[in-house]
>>> print(open('data34.csv').read())   # CSV, C-alpha atoms
chain,number,residue,atom,x,y,z
A,1,MET,CA,-95.0,233.3,-56.8
A,2,SER,CA,-95.3,229.6,-56.4
A,3,LYS,CA,-94.5,227.2,-59.2
A,4,LYS,CA,-97.0,224.5,-59.9
A,5,LYS,CA,-95.5,221.0,-59.7
A,6,GLN,CA,-96.1,218.8,-62.7
A,7,GLU,CA,-97.5,215.5,-61.8
A,8,LYS,CA,-95.6,212.5,-63.2
A,9,VAL,CA,-97.9,210.2,-65.1
A,10,LYS,CA,-97.0,206.6,-64.4
A,11,HIS,CA,-97.3,204.2,-67.3
A,12,SER,CA,-98.7,200.7,-66.9
A,13,GLY,CA,-95.4,199.2,-67.7
A,14,PRO,CA,-92.0,199.7,-69.3
A,15,GLU,CA,-92.0,200.9,-72.9
A,16,ARG,CA,-90.4,198.4,-75.2
A,17,SER,CA,-89.9,198.9,-78.9
A,18,VAL,CA,-88.3,196.0,-80.7
A,19,VAL,CA,-85.7,197.0,-83.4
A,20,THR,CA,-84.7,193.6,-84.7
A,21,THR,CA,-85.0,189.9,-83.8
A,22,ASN,CA,-83.0,186.8,-84.6
A,23,ARG,CA,-85.6,184.2,-85.4
A,24,LYS,CA,-83.0,181.9,-86.8
A,25,ALA,CA,-81.3,181.7,-83.4
A,26,ARG,CA,-84.3,179.9,-81.8
A,27,HIS,CA,-84.3,177.5,-84.7
A,28,ASP,CA,-80.6,176.7,-84.7
A,29,TYR,CA,-80.0,176.7,-80.9
A,30,GLU,CA,-81.7,175.2,-77.9
A,31,ILE,CA,-81.9,178.3,-75.6
A,32,LEU,CA,-81.2,177.4,-72.0
A,33,ASP,CA,-81.2,180.8,-70.4
A,34,THR,CA,-81.7,184.4,-71.4
A,35,TYR,CA,-80.0,187.6,-70.3
A,36,GLU,CA,-80.7,191.3,-70.9
A,37,ALA,CA,-77.6,193.5,-71.6
A,38,GLY,CA,-77.2,197.2,-72.3
A,39,MET,CA,-75.0,198.2,-75.2
A,40,VAL,CA,-72.3,200.9,-75.5
A,41,LEU,CA,-73.2,202.7,-78.7
A,42,SER,CA,-72.2,206.0,-80.4
A,43,GLY,CA,-74.8,208.6,-81.3
A,44,THR,CA,-75.2,207.7,-84.9
A,45,GLU,CA,-75.6,204.0,-84.0
A,46,VAL,CA,-78.5,204.9,-81.7
A,47,LYS,CA,-80.1,207.0,-84.4
A,48,ALA,CA,-79.7,204.2,-87.0
A,49,LEU,CA,-81.3,201.7,-84.5
A,50,ARG,CA,-84.2,204.1,-83.8
A,51,GLN,CA,-84.9,204.1,-87.6
A,52,GLY,CA,-85.3,200.3,-87.2
A,53,ARG,CA,-82.1,199.4,-88.9
A,54,GLY,CA,-79.8,196.7,-87.6
A,55,ASN,CA,-79.1,193.0,-88.3
A,56,ILE,CA,-78.1,190.4,-85.7
A,57,VAL,CA,-78.4,187.2,-87.8
A,58,ASP,CA,-74.7,186.6,-87.9
A,59,ALA,CA,-73.9,188.1,-84.5
A,60,TYR,CA,-72.5,186.3,-81.5
A,61,ALA,CA,-71.3,187.3,-78.1
A,62,GLU,CA,-68.3,186.4,-76.0
A,63,ILE,CA,-66.7,187.2,-72.7
A,64,HIS,CA,-63.1,188.4,-73.2
A,65,ASN,CA,-61.0,189.7,-70.3
A,66,GLY,CA,-64.0,190.0,-68.0
A,67,GLU,CA,-66.0,192.0,-70.5
A,68,ALA,CA,-69.0,190.9,-72.6
A,69,ARG,CA,-68.7,191.9,-76.3
A,70,VAL,CA,-70.8,191.3,-79.4
A,71,HIS,CA,-69.3,190.6,-82.8
A,72,ASN,CA,-70.8,190.9,-86.3
A,73,PHE,CA,-73.7,193.0,-85.1
A,74,HIS,CA,-74.4,195.1,-88.2
A,75,ILE,CA,-75.8,198.6,-87.7
A,76,PRO,CA,-75.8,200.4,-91.1
A,77,GLU,CA,-74.4,204.0,-91.3
A,78,TYR,CA,-76.8,206.7,-90.3
A,79,ASP,CA,-78.2,208.3,-93.4
A,80,TYR,CA,-77.9,211.9,-92.2
A,81,GLY,CA,-74.5,211.4,-90.4
A,82,THR,CA,-71.4,213.2,-91.4
A,83,TRP,CA,-67.7,212.3,-90.8
A,84,THR,CA,-68.8,211.2,-87.3
A,85,ASN,CA,-70.6,208.1,-88.7
A,86,HIS,CA,-69.6,204.8,-87.2
A,87,PRO,CA,-68.2,201.7,-88.8
A,88,PRO,CA,-71.1,199.3,-89.5
A,89,ARG,CA,-69.5,196.1,-88.1
A,90,ARG,CA,-67.5,196.8,-85.1
A,91,ILE,CA,-67.1,195.0,-81.8
A,92,ARG,CA,-69.5,196.5,-79.3
A,93,LYS,CA,-69.3,196.2,-75.5
A,94,LEU,CA,-72.2,194.8,-73.6
A,95,LEU,CA,-73.2,195.9,-70.2
A,96,LEU,CA,-73.9,193.1,-67.8
A,97,HIS,CA,-73.6,192.8,-64.0
A,98,ARG,CA,-70.3,191.4,-62.7
A,99,ALA,CA,-72.2,188.5,-61.1
A,100,GLU,CA,-73.8,187.6,-64.5
A,101,ILE,CA,-70.5,187.7,-66.3
A,102,ASP,CA,-68.9,185.5,-63.6
A,103,LYS,CA,-71.8,183.1,-63.9
A,104,LEU,CA,-71.6,183.0,-67.7
A,105,ALA,CA,-67.8,182.7,-68.2
A,106,PRO,CA,-67.5,179.0,-67.1
A,107,LYS,CA,-70.6,178.0,-69.0
A,108,LEU,CA,-69.2,179.4,-72.2
A,109,ASP,CA,-66.0,177.5,-71.7
A,110,GLU,CA,-68.1,174.3,-71.7
A,111,ALA,CA,-68.1,172.6,-75.1
A,112,GLY,CA,-71.1,173.4,-77.3
A,113,LEU,CA,-72.5,176.4,-75.4
A,114,THR,CA,-72.6,179.9,-76.9
A,115,LEU,CA,-74.1,183.3,-76.3
A,116,VAL,CA,-76.4,184.3,-79.1
A,117,PRO,CA,-78.2,187.6,-79.5
A,118,LEU,CA,-82.0,187.0,-79.7
A,119,SER,CA,-83.3,190.6,-80.1
A,120,VAL,CA,-82.4,194.3,-79.9
A,121,TYR,CA,-84.9,196.7,-78.5
A,122,PHE,CA,-85.3,200.0,-76.7
A,123,LEU,CA,-86.5,199.9,-73.1
A,124,ASN,CA,-87.4,203.2,-71.6
A,125,GLY,CA,-85.0,204.9,-74.0
A,126,TYR,CA,-82.0,202.6,-73.5
A,127,ALA,CA,-80.8,200.3,-76.2
A,128,LYS,CA,-80.8,196.7,-74.9
A,129,MET,CA,-79.9,193.3,-76.3
A,130,GLU,CA,-81.5,190.0,-75.3
A,131,LEU,CA,-78.9,187.3,-75.2
A,132,GLY,CA,-79.6,183.6,-75.1
A,133,LEU,CA,-77.2,180.9,-73.7
A,134,GLY,CA,-77.7,178.2,-76.2
A,135,ARG,CA,-76.5,174.8,-77.4
A,136,GLY,CA,-76.4,174.2,-81.1
A,137,ARG,CA,-79.0,171.8,-82.5
A,138,LYS,CA,-78.3,169.1,-85.0
A,139,ASN,CA,-80.4,168.8,-88.1
A,140,TYR,CA,-82.5,166.0,-86.7
A,141,ASP,CA,-83.1,168.0,-83.6
A,142,LYS,CA,-84.4,170.9,-85.8
A,143,ARG,CA,-86.7,168.5,-87.6
A,144,GLN,CA,-88.0,167.1,-84.3
A,145,ALA,CA,-88.7,170.7,-83.0
A,146,ILE,CA,-90.6,171.6,-86.2
A,147,ALA,CA,-92.7,168.3,-86.0
A,148,LYS,CA,-93.5,169.0,-82.3
A,149,ARG,CA,-94.5,172.6,-83.1
A,150,GLU,CA,-96.8,171.5,-85.9
A,151,ALA,CA,-98.3,168.8,-83.7
A,152,ASP,CA,-99.0,171.4,-81.0
A,153,ARG,CA,-100.6,173.7,-83.6
A,154,GLU,CA,-102.8,170.8,-84.8
A,155,ILE,CA,-103.9,170.1,-81.2
A,156,GLU,CA,-104.7,173.8,-80.6
A,157,ARG,CA,-106.6,173.9,-83.9
A,158,ALA,CA,-108.6,170.8,-83.0
A,159,ALA,CA,-109.4,172.1,-79.5
A,160,GLY,CA,-110.5,175.4,-80.9
A,161,LEU,CA,-112.8,173.7,-83.4
A,162,ALA,CA,-114.3,171.5,-80.7
A,163,ALA,CA,-114.9,174.5,-78.5
A,164,LYS,CA,-116.5,176.3,-81.4
A,165,ARG,CA,-118.8,173.4,-82.2
A,166,GLY,CA,-119.8,173.1,-78.5
A,167,ARG,CA,-121.0,176.7,-78.4
A,168,ARG,CA,-123.6,176.2,-81.2
>>> encode(input="data34.csv", output="structure tokens")
Amino acid sequence: MSKKKQEKVKHSGPERSVVTTNRKARHDYEILDTYEAGMVLSGTEVKALRQGRGNIVDAYAEIHNGEARVHNFHIPEYDYGTWTNHPPRRIRKLLLHRAEIDKLAPKLDEAGLTLVPLSVYFLNGYAKMELGLGRGRKNYDKRQAIAKREADREIERAAGLAAKRGRR
């Protein structure tokens, strides 16, 4: 008897489901570069993230002894977990290529640069974290950024209205 081979259906692109984002990070920091890192997680941490639970607002990343780690990343305990549940705030290891770590280490030693988590998501079943290399903004920089964003919105709105009137 011959077994029929199942054809693999190719999707149009990678499946990405966002768990949580850090909107405050883009406001507080000028993001210079972004990196994608895997995370070393326990089973109940993955299950809690799949439920859409997790908070990276207070989180930050560092490179210590040649390893990237994230601090203050809060993943609440899994509701249906037993004694195997994880501690909600623990230091979690990030998976980056050695070349990326070697490139980031001297930049983080520079004054004013930090590694900030921007979002946590699942990509093809694997938990990933988007990290941003950022420089902290002063209050007047934040106000300037807000003013520029509002001016751009106003320009877009005016251009949209002009295009709408031209179609009539």
>>> atom_distance(input="data34.csv", atom1="CA of Val116 (chain A)", atom2="CA of Ala25 (chain A)")
7.0 Å
>>> closest_residue(input="data34.csv", among="A:Lys47, A:Arg53, A:Lys128, A:Arg98", to="Tyr80 (chain A)", atoms="all atoms listed in the file")
A:Lys47
>>> atom_distance(input="data34.csv", atom1="CA of Gly134 (chain A)", atom2="CA of Asn65 (chain A)")
21.1 Å
>>> residues_around(input="data34.csv", residues="region 99-105 of chain A", least_positions_apart="5", cutoff="8 Å", atoms="only C-alpha atoms", output="number ranges by chain")
A: 63, 66-68
>>> closest_residue(input="data34.csv", among="A:Arg153, A:Ser119, A:Pro14, A:Val57", to="Tyr35 (chain A)", atoms="all atoms listed in the file")
A:Ser119
>>> atom_distance(input="data34.csv", atom1="CA of Thr20 (chain A)", atom2="CA of Val40 (chain A)")
17.1 Å
>>> closest_residue(input="data34.csv", among="A:Ala61, A:Leu115, A:Ala48, A:Ala145", to="Asn85 (chain A)", atoms="all atoms listed in the file")
A:Ala48
>>> residues_around(input="data34.csv", residues="Val70 (chain A)", least_positions_apart="3", cutoff="9 Å", atoms="only C-alpha atoms", output="VMD selection string")
chain A and resid 59 to 63 73 90 to 94 116 to 117
>>> write_last_selection(input="data34.csv", atoms="C-alpha atoms", output="PDB file, keeping the file's coordinate frame")
ATOM      1  CA  ALA A  59     -73.900 188.100 -84.500  1.00  0.00           C
ATOM      2  CA  TYR A  60     -72.500 186.300 -81.500  1.00  0.00           C
ATOM      3  CA  ALA A  61     -71.300 187.300 -78.100  1.00  0.00           C
ATOM      4  CA  GLU A  62     -68.300 186.400 -76.000  1.00  0.00           C
ATOM      5  CA  ILE A  63     -66.700 187.200 -72.700  1.00  0.00           C
ATOM      6  CA  PHE A  73     -73.700 193.000 -85.100  1.00  0.00           C
ATOM      7  CA  ARG A  90     -67.500 196.800 -85.100  1.00  0.00           C
ATOM      8  CA  ILE A  91     -67.100 195.000 -81.800  1.00  0.00           C
ATOM      9  CA  ARG A  92     -69.500 196.500 -79.300  1.00  0.00           C
ATOM     10  CA  LYS A  93     -69.300 196.200 -75.500  1.00  0.00           C
ATOM     11  CA  LEU A  94     -72.200 194.800 -73.600  1.00  0.00           C
ATOM     12  CA  VAL A 116     -76.400 184.300 -79.100  1.00  0.00           C
ATOM     13  CA  PRO A 117     -78.200 187.600 -79.500  1.00  0.00           C
TER      14      PRO A 117
END
>>> residues_around(input="data34.csv", residues="Leu49 (chain A)", least_positions_apart="6", cutoff="9 Å", atoms="all atoms listed in the file", output="list in words")
Val19, Thr20, Ile75, Pro76, Tyr78, Val120, Tyr121, Phe122 and Ala127 of chain A
>>> closest_residue(input="data34.csv", among="A:Leu113, A:Gly43, A:Ile56, A:Leu118", to="Thr82 (chain A)", atoms="all atoms listed in the file")
A:Gly43
>>> residues_near_point(input="data34.csv", point="(-82.5, 178.5, -88.9)", cutoff="10 Å", atoms="only C-alpha atoms", output="count of residues only")
12
>>> closest_atom_pairs(input="data34.csv", of="region 77-154 of chain A", to="region 158-163 of chain A", cutoff="12 Å", atoms="all atoms listed in the file", output="CSV")
residue,atom,partner,partner_atom,distance
A:Ala151,CA,A:Ala158,CA,10.5
A:Asp152,CA,A:Ala158,CA,9.8
A:Arg153,CA,A:Ala158,CA,8.5
A:Glu154,CA,A:Ala158,CA,6.1
>>> decode(input="data34.csv", residues="region 63-75 of chain A", atoms="all heavy atoms", output="short mmCIF file (atom, residue, chain, number, x, y, z; two decimals), in the first residue's frame")
data_model
loop_
_atom_site.label_atom_id
_atom_site.label_comp_id
_atom_site.auth_asym_id
_atom_site.auth_seq_id
_atom_site.Cartn_x
_atom_site.Cartn_y
_atom_site.Cartn_z
N ILE A 63 22.96 43.54 28.76
CA ILE A 63 23.88 42.47 28.39
C ILE A 63 24.81 42.27 29.57
O ILE A 63 25.51 43.19 29.99
CB ILE A 63 24.64 42.82 27.10
CG1 ILE A 63 23.65 42.90 25.95
CG2 ILE A 63 25.72 41.78 26.83
CD1 ILE A 63 24.23 43.25 24.63
N HIS A 64 24.78 41.06 30.13
CA HIS A 64 25.57 40.74 31.33
C HIS A 64 26.32 39.43 31.07
O HIS A 64 25.70 38.42 30.75
CB HIS A 64 24.64 40.60 32.53
CG HIS A 64 25.35 40.31 33.81
ND1 HIS A 64 26.11 41.24 34.46
CD2 HIS A 64 25.42 39.18 34.54
CE1 HIS A 64 26.62 40.71 35.54
NE2 HIS A 64 26.20 39.44 35.62
N ASN A 65 27.63 39.46 31.19
CA ASN A 65 28.48 38.29 30.94
C ASN A 65 28.23 37.67 29.56
O ASN A 65 28.17 36.46 29.41
CB ASN A 65 28.27 37.23 32.03
CG ASN A 65 28.80 37.67 33.37
OD1 ASN A 65 29.67 38.53 33.45
ND2 ASN A 65 28.26 37.10 34.43
N GLY A 66 28.06 38.51 28.56
CA GLY A 66 27.88 38.03 27.20
C GLY A 66 26.50 37.47 26.90
O GLY A 66 26.29 36.86 25.85
N GLU A 67 25.54 37.65 27.80
CA GLU A 67 24.18 37.17 27.58
C GLU A 67 23.22 38.35 27.68
O GLU A 67 23.37 39.21 28.54
CB GLU A 67 23.77 36.15 28.65
CG GLU A 67 24.47 34.83 28.54
CD GLU A 67 23.95 33.83 29.56
OE1 GLU A 67 23.25 34.24 30.53
OE2 GLU A 67 24.22 32.64 29.40
N ALA A 68 22.22 38.35 26.82
CA ALA A 68 21.19 39.38 26.88
C ALA A 68 20.10 38.89 27.83
O ALA A 68 19.69 37.72 27.77
CB ALA A 68 20.61 39.64 25.50
N ARG A 69 19.67 39.78 28.73
CA ARG A 69 18.63 39.43 29.70
C ARG A 69 17.63 40.57 29.81
O ARG A 69 17.99 41.73 29.60
CB ARG A 69 19.23 39.17 31.08
CG ARG A 69 20.33 38.15 31.05
CD ARG A 69 20.90 37.82 32.40
NE ARG A 69 21.23 38.97 33.21
CZ ARG A 69 21.72 38.87 34.44
NH1 ARG A 69 21.92 37.70 34.96
NH2 ARG A 69 22.00 39.95 35.13
N VAL A 70 16.39 40.22 30.13
CA VAL A 70 15.36 41.24 30.31
C VAL A 70 14.90 41.21 31.77
O VAL A 70 14.71 40.13 32.35
CB VAL A 70 14.18 41.05 29.32
CG1 VAL A 70 13.42 39.77 29.57
CG2 VAL A 70 13.25 42.23 29.35
N HIS A 71 14.78 42.39 32.36
CA HIS A 71 14.36 42.55 33.75
C HIS A 71 12.97 43.19 33.79
O HIS A 71 12.60 43.94 32.89
CB HIS A 71 15.33 43.47 34.50
CG HIS A 71 16.72 42.92 34.59
ND1 HIS A 71 17.16 42.25 35.69
CD2 HIS A 71 17.75 42.95 33.72
CE1 HIS A 71 18.42 41.89 35.50
NE2 HIS A 71 18.80 42.29 34.31
N ASN A 72 12.23 42.93 34.85
CA ASN A 72 10.91 43.54 35.11
C ASN A 72 9.86 43.24 34.05
O ASN A 72 8.90 44.00 33.89
CB ASN A 72 11.02 45.05 35.30
CG ASN A 72 11.72 45.41 36.58
OD1 ASN A 72 11.81 44.61 37.50
ND2 ASN A 72 12.23 46.62 36.64
N PHE A 73 10.04 42.18 33.30
CA PHE A 73 9.01 41.74 32.34
C PHE A 73 8.02 40.90 33.15
O PHE A 73 8.35 39.82 33.62
CB PHE A 73 9.65 40.96 31.21
CG PHE A 73 8.69 40.34 30.24
CD1 PHE A 73 7.44 40.89 30.01
CD2 PHE A 73 9.04 39.22 29.51
CE1 PHE A 73 6.55 40.34 29.10
CE2 PHE A 73 8.17 38.66 28.59
CZ PHE A 73 6.93 39.21 28.40
N HIS A 74 6.80 41.42 33.33
CA HIS A 74 5.81 40.78 34.18
C HIS A 74 4.91 39.87 33.37
O HIS A 74 4.17 40.34 32.50
CB HIS A 74 4.98 41.84 34.91
CG HIS A 74 4.02 41.26 35.89
ND1 HIS A 74 2.71 40.99 35.56
CD2 HIS A 74 4.17 40.88 37.18
CE1 HIS A 74 2.10 40.48 36.61
NE2 HIS A 74 2.96 40.40 37.60
N ILE A 75 4.99 38.57 33.66
CA ILE A 75 4.06 37.59 33.09
C ILE A 75 3.30 37.01 34.27
O ILE A 75 3.88 36.32 35.11
CB ILE A 75 4.80 36.47 32.32
CG1 ILE A 75 5.63 37.04 31.19
CG2 ILE A 75 3.79 35.47 31.78
CD1 ILE A 75 6.47 36.02 30.46
#
